[in-house]
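Source file: upload.tsv (TSV, C-alpha atoms and all ligand atoms)
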```tsv
chain	number	residue	atom	x	y	z
S	147	MET	CA	-4.90	-14.27	-82.05
S	148	SER	CA	-2.57	-17.21	-81.66
S	149	LEU	CA	0.20	-17.10	-79.13
S	150	ASN	CA	2.77	-17.21	-81.94
S	151	ALA	CA	1.30	-14.14	-83.56
S	152	LEU	CA	1.49	-12.35	-80.22
S	153	VAL	CA	5.13	-13.25	-79.76
S	154	GLU	CA	6.01	-12.07	-83.26
S	155	ASP	CA	4.12	-8.85	-82.69
S	156	THR	CA	6.06	-8.29	-79.48
S	157	ASP	CA	9.34	-9.11	-81.18
S	158	SER	CA	8.77	-6.51	-83.89
S	159	LEU	CA	7.93	-3.93	-81.22
S	160	VAL	CA	11.09	-4.81	-79.33
S	161	ASP	CA	13.16	-4.44	-82.51
S	162	ALA	CA	11.55	-1.09	-83.28
S	163	ALA	CA	12.35	0.20	-79.78
S	164	ARG	CA	15.96	-0.94	-80.13
S	165	GLU	CA	16.24	0.71	-83.55
S	166	ALA	CA	15.08	3.95	-81.97
S	167	VAL	CA	17.71	3.73	-79.22
S	168	CYS	CA	20.51	2.93	-81.71
S	169	ARG	CA	19.45	5.86	-83.90
S	170	ILE	CA	20.32	8.27	-81.08
S	171	PHE	CA	23.95	7.26	-81.57
S	172	GLY	CA	23.76	7.16	-85.37
S	173	GLU	CA	23.86	3.37	-85.39
S	174	THR	CA	21.54	0.66	-86.64
S	175	TYR	CA	20.31	-2.15	-84.44
S	176	ASP	CA	22.61	-5.14	-84.58
S	177	PRO	CA	21.63	-7.99	-82.24
S	178	GLN	CA	25.22	-9.06	-81.72
S	179	ARG	CA	26.45	-5.61	-80.72
S	180	TRP	CA	23.32	-5.13	-78.59
S	181	GLY	CA	24.25	-8.31	-76.70
S	182	ASP	CA	27.75	-7.04	-75.85
S	183	TRP	CA	27.84	-5.42	-72.43
S	184	HIS	CA	30.75	-3.17	-73.36
S	185	TRP	CA	28.72	-1.79	-76.27
S	186	GLN	CA	25.78	-1.31	-73.91
S	187	SER	CA	27.97	0.56	-71.41
S	188	ARG	CA	29.43	2.83	-74.07
S	189	HIS	CA	26.01	3.73	-75.43
S	190	ARG	CA	24.24	4.79	-72.28
S	191	LEU	CA	21.79	7.67	-72.43
S	192	THR	CA	23.05	10.42	-70.15
S	193	ARG	CA	21.99	13.77	-71.63
S	194	LEU	CA	18.92	15.71	-72.57
S	195	THR	CA	19.89	15.40	-76.25
S	196	HIS	CA	19.79	11.61	-75.92
S	197	PHE	CA	16.45	11.45	-74.18
S	198	GLU	CA	14.66	13.99	-76.34
S	199	GLN	CA	15.38	11.89	-79.42
S	200	LEU	CA	13.71	8.87	-77.85
S	201	LEU	CA	10.89	10.20	-75.69
S	202	GLN	CA	8.16	12.78	-75.85
S	203	LEU	CA	9.53	14.57	-72.79
S	204	THR	CA	7.21	16.34	-70.39
S	205	PRO	CA	8.20	19.83	-69.22
S	206	ALA	CA	9.06	18.34	-65.79
S	207	GLU	CA	11.36	15.74	-67.35
S	208	ARG	CA	12.98	18.29	-69.65
S	209	ARG	CA	13.65	20.56	-66.67
S	210	GLY	CA	14.97	17.59	-64.65
S	211	LEU	CA	17.39	16.72	-67.44
S	212	GLU	CA	18.50	20.34	-67.82
S	213	LEU	CA	19.22	20.63	-64.11
S	214	ALA	CA	20.82	17.23	-63.73
S	215	PRO	CA	24.40	17.81	-64.93
S	216	GLY	CA	26.70	18.07	-61.95
S	217	LYS	CA	23.82	17.53	-59.51
S	218	PHE	CA	22.36	14.09	-59.87
S	219	ALA	CA	23.69	11.26	-61.98
S	220	VAL	CA	21.66	10.29	-65.02
S	221	SER	CA	22.45	7.22	-67.08
S	222	VAL	CA	20.31	4.55	-68.74
S	223	THR	CA	21.56	1.50	-70.61
S	224	PRO	CA	20.18	0.93	-74.13
S	225	HIS	CA	18.69	-2.32	-72.83
S	226	PHE	CA	16.64	-0.48	-70.21
S	227	ALA	CA	15.92	2.53	-72.43
S	228	ALA	CA	14.28	0.26	-75.01
S	229	LEU	CA	11.72	-0.75	-72.36
S	230	MET	CA	10.48	2.82	-71.90
S	231	ASN	CA	7.21	3.93	-73.43
S	232	PRO	CA	8.04	7.08	-75.45
S	233	HIS	CA	4.46	8.38	-75.29
S	234	ASP	CA	3.61	7.68	-71.66
S	235	PRO	CA	5.22	9.96	-69.05
S	236	ASP	CA	3.82	7.64	-66.36
S	237	CYS	CA	5.64	4.63	-67.82
S	238	PRO	CA	6.96	2.72	-64.78
S	239	ILE	CA	10.34	2.15	-66.42
S	240	ARG	CA	10.74	5.80	-67.31
S	241	ARG	CA	9.74	7.01	-63.83
S	242	GLN	CA	12.62	5.06	-62.30
S	243	VAL	CA	15.46	6.53	-64.35
S	244	VAL	CA	14.45	9.78	-66.07
S	245	PRO	CA	14.89	12.72	-63.66
S	246	ARG	CA	12.06	15.17	-63.06
S	247	GLN	CA	11.96	18.67	-61.78
S	248	GLU	CA	10.36	17.32	-58.58
S	249	GLU	CA	13.80	16.03	-57.52
S	250	LEU	CA	14.56	19.59	-56.45
S	251	VAL	CA	11.73	19.53	-53.93
S	252	VAL	CA	12.99	18.93	-50.40
S	253	GLY	CA	10.12	17.29	-48.52
S	254	GLU	CA	9.57	17.27	-44.80
S	255	GLY	CA	11.85	14.66	-43.22
S	256	ASP	CA	14.00	14.25	-46.35
S	257	MET	CA	17.62	13.35	-45.63
S	258	VAL	CA	20.85	13.10	-47.56
S	259	ASP	CA	21.91	9.92	-45.75
S	260	PRO	CA	18.54	8.51	-44.64
S	261	CYS	CA	19.86	5.22	-43.26
S	262	GLY	CA	22.58	6.92	-41.22
S	263	GLU	CA	25.25	4.86	-42.95
S	264	ASP	CA	27.91	7.51	-42.54
S	265	HIS	CA	27.56	7.27	-38.72
S	266	HIS	CA	28.28	3.56	-38.78
S	267	SER	CA	31.33	3.80	-41.03
S	268	PRO	CA	34.59	2.81	-39.37
S	269	LEU	CA	36.32	3.34	-42.75
S	270	PRO	CA	35.24	5.09	-45.94
S	271	GLY	CA	32.88	2.80	-47.84
S	272	LEU	CA	32.48	0.29	-45.00
S	273	VAL	CA	29.25	0.27	-42.95
S	274	HIS	CA	29.31	-1.82	-39.79
S	275	ARG	CA	25.83	-1.50	-38.29
S	276	TYR	CA	25.00	-5.05	-37.27
S	277	PRO	CA	27.59	-6.85	-35.12
S	278	ASP	CA	28.05	-9.87	-37.39
S	279	ARG	CA	27.90	-8.34	-40.87
S	280	VAL	CA	29.22	-5.42	-42.87
S	281	LEU	CA	28.24	-3.56	-45.99
S	282	LEU	CA	31.18	-2.86	-48.27
S	283	LEU	CA	30.63	-0.12	-50.85
S	284	ALA	CA	32.95	-1.48	-53.48
S	285	LEU	CA	32.57	1.28	-56.05
S	286	ASP	CA	30.38	4.28	-56.67
S	287	THR	CA	29.12	3.66	-60.19
S	288	CYS	CA	26.09	1.79	-61.47
S	289	ALA	CA	24.98	0.58	-64.90
S	290	ALA	CA	22.07	3.05	-64.70
S	291	TYR	CA	20.92	5.40	-61.95
S	292	CYS	CA	17.68	4.99	-60.03
S	293	ARG	CA	15.99	8.27	-59.16
S	294	TYR	CA	15.18	6.96	-55.67
S	295	CYS	CA	18.66	5.69	-54.77
S	296	THR	CA	19.37	5.61	-51.04
S	297	ARG	CA	23.02	6.33	-51.82
S	298	SER	CA	22.54	9.19	-54.23
S	299	ARG	CA	24.91	11.13	-51.96
S	300	LEU	CA	27.59	8.67	-53.08
S	301	VAL	CA	26.86	7.14	-56.46
S	302	ALA	CA	28.61	8.83	-59.36
S	303	GLN	CA	29.66	11.70	-57.09
S	304	GLY	CA	33.38	10.86	-57.12
S	305	HIS	CA	33.68	11.11	-53.30
S	306	LEU	CA	34.54	7.48	-52.79
S	307	GLU	CA	38.19	6.62	-53.36
S	308	PRO	CA	38.86	3.69	-55.70
S	309	LEU	CA	38.72	0.41	-53.84
S	310	ALA	CA	42.34	-0.39	-54.65
S	311	ARG	CA	43.36	2.49	-52.38
S	312	ARG	CA	40.95	1.52	-49.57
S	313	LEU	CA	41.19	-2.24	-49.67
S	314	ASP	CA	44.22	-2.86	-47.45
S	315	ARG	CA	42.66	-1.03	-44.52
S	316	ILE	CA	39.30	-2.71	-45.07
S	317	VAL	CA	40.89	-6.14	-45.12
S	318	SER	CA	42.85	-5.36	-41.91
S	319	TYR	CA	39.63	-4.21	-40.27
S	320	LEU	CA	37.83	-7.39	-41.26
S	321	GLU	CA	40.76	-9.54	-40.10
S	322	GLU	CA	40.69	-7.86	-36.70
S	323	HIS	CA	36.92	-8.04	-36.34
S	324	THR	CA	36.45	-11.76	-35.99
S	325	GLU	CA	32.79	-11.22	-35.07
S	326	VAL	CA	32.06	-10.34	-38.72
S	327	ARG	CA	30.94	-13.44	-40.58
S	328	ASP	CA	28.99	-11.86	-43.47
S	329	VAL	CA	30.12	-9.30	-46.07
S	330	LEU	CA	27.63	-7.66	-48.40
S	331	LEU	CA	29.34	-6.09	-51.39
S	332	SER	CA	27.33	-3.27	-52.84
S	333	GLY	CA	27.89	0.22	-54.11
S	334	GLY	CA	27.39	1.26	-56.70
S	335	ASP	CA	27.36	-2.03	-58.48
S	336	PRO	CA	30.17	-4.56	-57.89
S	337	LEU	CA	29.30	-6.47	-61.06
S	338	LEU	CA	30.67	-3.54	-63.05
S	339	PHE	CA	34.19	-4.58	-62.03
S	340	SER	CA	36.05	-6.59	-64.64
S	341	ASP	CA	36.14	-10.34	-63.99
S	342	GLU	CA	39.80	-10.05	-63.01
S	343	ARG	CA	39.26	-7.35	-60.41
S	344	LEU	CA	36.18	-8.99	-58.96
S	345	ASP	CA	38.02	-12.30	-58.76
S	346	ALA	CA	40.94	-10.68	-56.94
S	347	LEU	CA	38.61	-8.91	-54.48
S	348	LEU	CA	36.60	-12.03	-53.69
S	349	ALA	CA	39.78	-14.09	-53.35
S	350	ARG	CA	41.11	-11.61	-50.82
S	351	LEU	CA	37.94	-11.74	-48.77
S	352	ARG	CA	37.83	-15.53	-49.00
S	353	ARG	CA	41.27	-15.71	-47.40
S	354	ILE	CA	39.80	-14.27	-44.17
S	355	PRO	CA	38.82	-17.46	-42.38
S	356	HIS	CA	35.92	-16.17	-40.26
S	357	LEU	CA	34.02	-14.73	-43.26
S	358	GLU	CA	31.52	-17.47	-43.97
S	359	PHE	CA	29.01	-15.64	-46.13
S	360	LEU	CA	29.68	-13.40	-49.14
S	361	ARG	CA	26.96	-11.75	-51.12
S	362	ILE	CA	26.76	-9.12	-53.82
S	363	GLY	CA	23.92	-6.64	-54.23
S	364	SER	CA	23.51	-5.78	-57.91
S	365	ARG	CA	21.08	-4.26	-60.36
S	366	VAL	CA	23.25	-5.31	-63.30
S	367	PRO	CA	21.08	-8.34	-64.19
S	368	CYS	CA	18.17	-5.90	-64.61
S	369	PHE	CA	19.93	-2.94	-66.27
S	370	LEU	CA	22.67	-4.79	-68.15
S	371	PRO	CA	21.85	-8.52	-68.35
S	372	GLN	CA	24.48	-8.89	-71.09
S	373	ARG	CA	27.10	-8.63	-68.32
S	374	ILE	CA	26.09	-12.06	-66.98
S	375	THR	CA	28.49	-14.24	-68.93
S	376	PRO	CA	29.44	-17.88	-68.29
S	377	GLU	CA	32.87	-16.64	-67.14
S	378	LEU	CA	31.33	-14.31	-64.56
S	379	VAL	CA	29.02	-17.05	-63.31
S	380	ALA	CA	31.96	-19.44	-62.96
S	381	LEU	CA	33.88	-16.94	-60.87
S	382	LEU	CA	30.91	-16.20	-58.60
S	383	ARG	CA	30.46	-19.90	-58.12
S	384	ARG	CA	34.13	-20.46	-57.37
S	385	HIS	CA	33.88	-17.96	-54.50
S	386	ARG	CA	30.52	-19.34	-53.29
S	387	VAL	CA	28.77	-15.99	-53.65
S	388	TRP	CA	25.05	-15.26	-53.17
S	389	LEU	CA	23.45	-12.57	-55.31
S	390	SER	CA	20.82	-10.05	-54.28
S	391	LEU	CA	19.24	-8.63	-57.42
S	392	HIS	CA	17.08	-5.52	-57.67
S	393	PHE	CA	13.87	-5.35	-59.71
S	394	SER	CA	10.97	-2.89	-59.57
S	395	HIS	CA	8.46	-3.87	-62.23
S	396	PRO	CA	7.33	-7.00	-64.11
S	397	ARG	CA	8.17	-5.37	-67.44
S	398	GLU	CA	11.84	-5.61	-66.46
S	399	LEU	CA	11.69	-9.40	-66.68
S	400	THR	CA	12.67	-9.58	-70.33
S	401	ARG	CA	13.94	-12.52	-72.31
S	402	GLU	CA	17.55	-11.36	-71.76
S	403	VAL	CA	16.98	-11.03	-68.02
S	404	ALA	CA	15.47	-14.51	-67.90
S	405	ALA	CA	18.48	-15.88	-69.78
S	406	ALA	CA	20.87	-14.14	-67.35
S	407	CYS	CA	19.01	-15.54	-64.33
S	408	ASP	CA	19.01	-18.99	-65.92
S	409	LEU	CA	22.77	-18.84	-66.35
S	410	LEU	CA	23.17	-17.79	-62.73
S	411	ALA	CA	20.74	-20.35	-61.30
S	412	ASP	CA	22.14	-23.16	-63.46
S	413	GLY	CA	25.60	-22.07	-62.31
S	414	GLY	CA	24.61	-22.64	-58.70
S	415	ILE	CA	24.33	-19.01	-57.56
S	416	PRO	CA	21.54	-18.55	-54.98
S	417	LEU	CA	19.41	-15.61	-56.14
S	418	GLY	CA	17.35	-13.18	-54.07
S	419	SER	CA	15.73	-9.94	-55.11
S	420	GLN	CA	15.04	-6.61	-53.49
S	421	THR	CA	12.31	-4.21	-54.54
S	422	VAL	CA	11.65	-0.65	-53.48
S	423	LEU	CA	7.99	0.30	-53.16
S	424	LEU	CA	7.52	3.25	-55.53
S	425	ARG	CA	4.56	5.48	-56.21
S	426	GLY	CA	3.39	5.15	-59.80
S	427	VAL	CA	5.80	2.30	-60.49
S	428	ASN	CA	4.76	-0.71	-58.44
S	429	ASP	CA	2.40	0.53	-55.70
S	430	ALA	CA	-0.36	-1.94	-56.54
S	431	ALA	CA	-0.71	-5.51	-55.31
S	432	ALA	CA	-1.37	-6.83	-58.84
S	433	THR	CA	1.86	-5.27	-60.16
S	434	LEU	CA	3.98	-6.63	-57.33
S	435	LYS	CA	2.34	-10.03	-57.58
S	436	ALA	CA	3.18	-10.19	-61.29
S	437	LEU	CA	6.76	-9.15	-60.48
S	438	PHE	CA	7.21	-11.68	-57.68
S	439	HIS	CA	5.61	-14.52	-59.65
S	440	GLY	CA	7.84	-13.68	-62.60
S	441	LEU	CA	10.90	-13.75	-60.34
S	442	LEU	CA	9.96	-17.15	-58.89
S	443	LYS	CA	9.66	-18.51	-62.43
S	444	MET	CA	13.24	-17.35	-62.95
S	445	ARG	CA	14.28	-19.05	-59.68
S	446	VAL	CA	14.78	-15.73	-57.90
S	447	ARG	CA	13.39	-15.49	-54.37
S	448	PRO	CA	11.89	-12.09	-53.44
S	449	TYR	CA	13.81	-11.15	-50.28
S	450	TYR	CA	12.96	-7.59	-49.17
S	451	LEU	CA	10.31	-5.09	-50.17
S	452	TYR	CA	11.61	-1.72	-48.99
S	453	GLN	CA	9.59	1.23	-47.96
S	454	CYS	CA	11.28	3.96	-50.04
S	455	ASP	CA	13.89	5.76	-47.94
S	456	PRO	CA	13.29	9.47	-47.38
S	457	VAL	CA	16.13	10.55	-49.66
S	458	VAL	CA	16.19	14.24	-50.57
S	459	GLY	CA	14.10	14.85	-53.69
S	460	THR	CA	12.18	11.56	-53.74
S	461	SER	CA	8.86	12.48	-52.14
S	462	HIS	CA	7.09	12.23	-55.52
S	463	LEU	CA	8.17	8.58	-55.72
S	464	ARG	CA	7.21	7.53	-52.20
S	465	THR	CA	4.04	5.95	-50.87
S	466	SER	CA	2.72	5.96	-47.34
S	467	VAL	CA	3.51	3.07	-45.00
S	468	ALA	CA	-0.26	2.36	-44.88
S	469	THR	CA	-0.17	1.70	-48.63
S	470	GLY	CA	2.70	-0.73	-48.12
S	471	LEU	CA	0.87	-2.60	-45.37
S	472	GLN	CA	-2.29	-2.72	-47.45
S	473	ILE	CA	-0.38	-4.22	-50.39
S	474	VAL	CA	1.37	-6.79	-48.21
S	475	SER	CA	-2.01	-7.86	-46.79
S	476	GLN	CA	-3.09	-8.60	-50.37
S	477	LEU	CA	-0.06	-10.82	-50.94
S	478	ARG	CA	0.54	-12.85	-47.78
S	479	GLY	CA	-1.65	-15.97	-47.89
S	480	HIS	CA	-3.04	-15.03	-51.29
S	481	THR	CA	-0.01	-16.43	-53.09
S	482	THR	CA	2.98	-18.74	-52.63
S	483	GLY	CA	4.86	-17.87	-49.47
S	484	TYR	CA	8.13	-17.73	-51.43
S	485	ALA	CA	6.60	-14.95	-53.54
S	486	VAL	CA	6.13	-12.67	-50.53
S	487	PRO	CA	9.21	-10.70	-49.48
S	488	THR	CA	9.63	-9.18	-46.03
S	489	TYR	CA	8.37	-5.60	-46.05
S	490	VAL	CA	10.89	-3.40	-44.22
S	491	VAL	CA	11.55	0.19	-43.30
S	492	ASP	CA	15.25	0.98	-43.09
S	493	ALA	CA	14.91	3.12	-39.99
S	494	PRO	CA	15.89	6.73	-40.71
S	495	GLY	CA	18.82	7.70	-38.52
S	496	GLY	CA	20.53	4.33	-38.66
S	497	GLY	CA	18.25	1.88	-36.83
S	498	GLY	CA	18.59	-0.78	-39.50
S	499	LYS	CA	15.84	-2.71	-41.22
S	500	ILE	CA	12.58	-3.03	-39.30
S	501	PRO	CA	10.07	-5.56	-40.65
S	502	LEU	CA	6.45	-4.45	-40.84
S	503	GLN	CA	3.45	-6.62	-41.32
S	504	PRO	CA	-0.27	-6.12	-41.11
S	505	GLU	CA	-1.65	-6.83	-37.66
S	506	THR	CA	-2.16	-10.56	-37.15
S	507	VAL	CA	-2.30	-10.66	-33.35
S	508	SER	CA	-5.64	-9.24	-32.27
S	509	ALA	CA	-5.61	-10.14	-28.53
S	510	CYS	CA	-3.99	-12.37	-25.92
S	511	GLU	CA	-5.72	-13.26	-22.67
S	512	ASP	CA	-4.67	-15.96	-20.18
S	513	GLY	CA	-2.49	-17.61	-22.78
S	514	VAL	CA	-5.16	-17.61	-25.46
S	515	TRP	CA	-4.09	-15.74	-28.56
S	516	THR	CA	-6.62	-14.40	-30.98
S	517	LEU	CA	-5.03	-14.33	-34.42
S	518	VAL	CA	-6.27	-12.98	-37.75
S	519	ASN	CA	-5.67	-15.03	-40.90
S	520	TRP	CA	-5.20	-13.88	-44.50
S	521	GLU	CA	-8.95	-13.81	-45.08
S	522	GLY	CA	-9.51	-11.63	-42.02
S	523	LYS	CA	-11.02	-14.53	-40.05
S	524	ARG	CA	-10.24	-15.00	-36.36
S	525	PHE	CA	-8.63	-18.08	-34.83
S	526	THR	CA	-7.29	-18.83	-31.38
S	527	TYR	CA	-4.13	-20.51	-30.25
S	528	GLN	CA	-3.78	-21.75	-26.68
S	529	ASP	CA	-0.30	-21.51	-25.10
S	530	PRO	CA	0.97	-24.64	-23.33
S	531	ALA	CA	0.32	-24.56	-19.58
S	532	TYR	CA	3.95	-25.15	-18.55
S	533	ASP	CA	5.50	-22.22	-20.47
S	534	VAL	CA	4.73	-19.50	-17.89
G	601	LIG	C1	20.79	-4.38	-45.32
G	601	LIG	C2	22.06	-4.27	-44.65
G	601	LIG	C3	22.77	-5.41	-44.27
G	601	LIG	C4	22.27	-6.80	-44.54
G	601	LIG	O1	21.08	-7.05	-43.84
G	601	LIG	P1	20.34	-8.46	-43.95
G	601	LIG	O2	19.07	-8.28	-43.20
G	601	LIG	O3	21.26	-9.49	-43.36
G	601	LIG	O4	20.11	-8.72	-45.40
G	601	LIG	C5	23.97	-5.24	-43.62
G	601	LIG	N1	24.45	-4.01	-43.33
G	601	LIG	C6	23.78	-2.89	-43.68
G	601	LIG	C7	24.35	-1.56	-43.32
G	601	LIG	C8	22.56	-2.99	-44.36
G	601	LIG	O5	21.91	-1.86	-44.71
G	602	LIG	S1	21.44	0.38	-58.76
G	602	LIG	FE1	21.31	0.57	-56.52
G	602	LIG	S2	23.11	1.82	-55.93
G	602	LIG	FE2	22.78	2.06	-58.15
G	602	LIG	S3	21.48	3.89	-58.40
G	602	LIG	FE3	20.09	2.11	-58.32
G	602	LIG	S4	19.55	1.93	-56.15
G	602	LIG	FE4	21.39	3.25	-56.25
```

Go through the file and emit its structure as structure tokens.
Ligand SMILES: *Cc1c(COP(=O)(O)O)cnc(C)c1O
Ligand code: SF4
Amino acid sequence: MSLNALVEDTDSLVDAAREAVCRIFGETYDPQRWGDWHWQSRHRLTRLTHFEQLLQLTPAERRGLELAPGKFAVSVTPHFAALMNPHDPDCPIRRQVVPRQEELVVGEGDMVDPCGEDHHSPLPGLVHRYPDRVLLLALDTCAAYCRYCTRSRLVAQGHLEPLARRLDRIVSYLEEHTEVRDVLLSGGDPLLFSDERLDALLARLRRIPHLEFLRIGSRVPCFLPQRITPELVALLRRHRVWLSLHFSHPRELTREVAAACDLLADGGIPLGSQTVLLRGVNDAAATLKALFHGLLKMRVRPYYLYQCDPVVGTSHLRTSVATGLQIVSQLRGHTTGYAVPTYVVDAPGGGGKIPLQPETVSACEDGVWTLVNWEGKRFTYQDPAYDV
């Protein structure tokens, strides 16, 4: 089969999936409407009645969706929903966003606030764990909700006051704390603010002279790539912002996502990506390699690979740390260094991110280090005599 035929075949499948999503809302697929992020936001799948029209639900998914209202947030953009395989309950896209009954299982060591963020919060929605940088939870909504979210205690729960009411105190705190040089805006998803509100927020932070580094953590380019408009890119550029994206699986790297990343990269926005290691989604070296290679092609640098935090109700989505180390050992040295993110555990209880890597130091005796390379071969490095 020629490549062209393959592309056309894929295109017709994509159109069919989009038709199916639009049908849920009694609409027909219209590429222009589909490309409008407001339309996408208004047509998110949130209820059992939405999902059962699109997917052959398993009993565990049906139960998860029945129990969800008022307990855990469920929402999927049409863009992301069209990537789900209706016939495969193990579809890696579906596993990330469709709740299952297993979310009610409280596993050993599960926590509501696994990273201990609430203990390092001088103000609501501000986490100051590391001396020189803070995490600012700008809002508590996302374009879609990940079943493994570290902040499920917060997102879509309505506990976080609107930023407008918190911002004055946050700005005063940052002005007083001259040791803070780096602000990470996250949430929730800051790119869900309107351009005007985001502009005003960034302008306010930019007026604090000791803040040298501003970044935004966002899954919008993955869930809602239509939101990445030339106007948004221009405003991010004006405020010299870095973006940390969030991707889990190579299938998420669609044409629209590639176009969004192109706009951002061409607009001068440095792009990193974070991935959570998830059982049945991306817990295989080949899957992660395809994801990381795809990201590099889109000029996105894989930054962190997270061991999944022990959030209540996520044990069915977590792997062991040994699996993580095994996967990393199949990446490091086997592919471009830029394609290998740092594998970290965000220490439960509030210890921050701890990098893990497979053992590469095998022994050290009298200044002679025995080191193991990516092929498992041993090499030695002799320390200089004067550094004792
Ligand atoms: C991850 C994180 C940061 C940023 O850490 P980097 O290693 O600089 O990316 C800052 N504050 C908190 C609370 C975090 O969880
Ligand atoms: S996008 Fe981020 S904050 Fe939002 S639900 Fe997913 S993991 Fe949580």

Just the residues within 8 Å of Arg279 in chain S, please, counting all atoms listed in the file, with nothing from its chain fewer than 4 positions along; format it as a VMD selection string. chain S and resid 274 to 275 326 to 330

Emit the selected residues as a tab-separated table (two decimals), in the coordinates of the input, including C-alpha atoms.
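Everything below was put into part_18.tsv:
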```
chain	number	residue	atom	x	y	z
S	274	HIS	CA	29.31	-1.82	-39.79
S	275	ARG	CA	25.83	-1.50	-38.29
S	326	VAL	CA	32.06	-10.34	-38.72
S	327	ARG	CA	30.94	-13.44	-40.58
S	328	ASP	CA	28.99	-11.86	-43.47
S	329	VAL	CA	30.12	-9.30	-46.07
S	330	LEU	CA	27.63	-7.66	-48.40
```

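The smallest atom-to-atom distance between Ala289 in chain S and any of S:Arg169, S:His189, S:His233, S:His356, using only C-alpha atoms, is found for S:His189.
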
Would you list the residues that come within 7 Å of ligand LIG 602 (chain G)? Count all atoms listed in the file and give the answer as a ChimeraX atom specification. /S:287-288,290-292,294-298,301,333-335,364-365

re CA of Ile473 in chain S and CA of Leu391 in chain S: distance 21.3 Å

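Take CA of Leu451 in chain S and atom O4 of ligand LIG 601 (chain G): the distance between them is 11.5 Å.
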
Distance table requested - chain S against ligand LIG 601 (chain G), cut-off 10 Å, only C-alpha atoms and all ligand atoms: one row per qualifying residue with the closest atom pair and its distance in Å to one decimal, ordered by chain and rising residue number, as a tab-separated table.
```
residue	atom	partner	partner_atom	distance
S:Cys261	CA	G:LIG601	O5	7.5
S:Gly262	CA	G:LIG601	C7	8.9
S:Glu263	CA	G:LIG601	C7	6.5
S:Asp264	CA	G:LIG601	C7	9.8
S:His266	CA	G:LIG601	C7	7.9
S:Ser267	CA	G:LIG601	C7	9.1
S:Leu272	CA	G:LIG601	C7	8.5
S:Val273	CA	G:LIG601	C7	5.2
S:His274	CA	G:LIG601	C7	6.1
S:Arg275	CA	G:LIG601	C7	5.2
S:Tyr276	CA	G:LIG601	N1	6.2
S:Pro277	CA	G:LIG601	N1	9.2
S:Asp278	CA	G:LIG601	C5	8.8
S:Arg279	CA	G:LIG601	C5	5.7
S:Val280	CA	G:LIG601	N1	5.0
S:Leu281	CA	G:LIG601	N1	4.7
S:Leu282	CA	G:LIG601	N1	8.4
S:Leu283	CA	G:LIG601	C7	9.9
S:Asp328	CA	G:LIG601	O3	8.1
S:Val329	CA	G:LIG601	C5	7.8
S:Leu330	CA	G:LIG601	C5	6.5
S:Leu331	CA	G:LIG601	C5	9.5
S:Ser332	CA	G:LIG601	C8	9.7
S:Arg361	CA	G:LIG601	O4	9.4
S:Gly363	CA	G:LIG601	C1	9.7
S:Ser390	CA	G:LIG601	O4	9.0
S:Gln420	CA	G:LIG601	O4	9.8
S:Tyr449	CA	G:LIG601	O4	8.3
S:Tyr450	CA	G:LIG601	O4	8.2
S:Thr488	CA	G:LIG601	O2	9.9
S:Val490	CA	G:LIG601	O2	9.6
S:Asp492	CA	G:LIG601	O5	7.4
S:Ala493	CA	G:LIG601	O5	9.8
S:Gly496	CA	G:LIG601	C7	8.4
S:Gly497	CA	G:LIG601	O5	9.5
S:Gly498	CA	G:LIG601	O5	6.3
S:Lys499	CA	G:LIG601	C1	6.6
S:Ile500	CA	G:LIG601	O2	9.2
S:Pro501	CA	G:LIG601	O2	9.7
```

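CA of Leu463 in chain S is positioned 20.2 Å from CA of Ala436 in chain S.
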
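In terms of minimum interatomic distance to Pro504 in chain S, S:Ser475 ranks closest within S:Ser475, S:Gln199, S:Asp236, S:Pro487, counting only C-alpha atoms.
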
Closest of S:Glu207, S:Glu307, S:Glu198, S:Asp408 to Leu285 in chain S - atom-to-atom distances counting only C-alpha atoms: S:Glu307

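Distances from S:Gly513, S:Ala406, S:Lys435, S:Thr460 to Thr482 in chain S were compared using only C-alpha atoms, and the smallest one belongs to S:Lys435.
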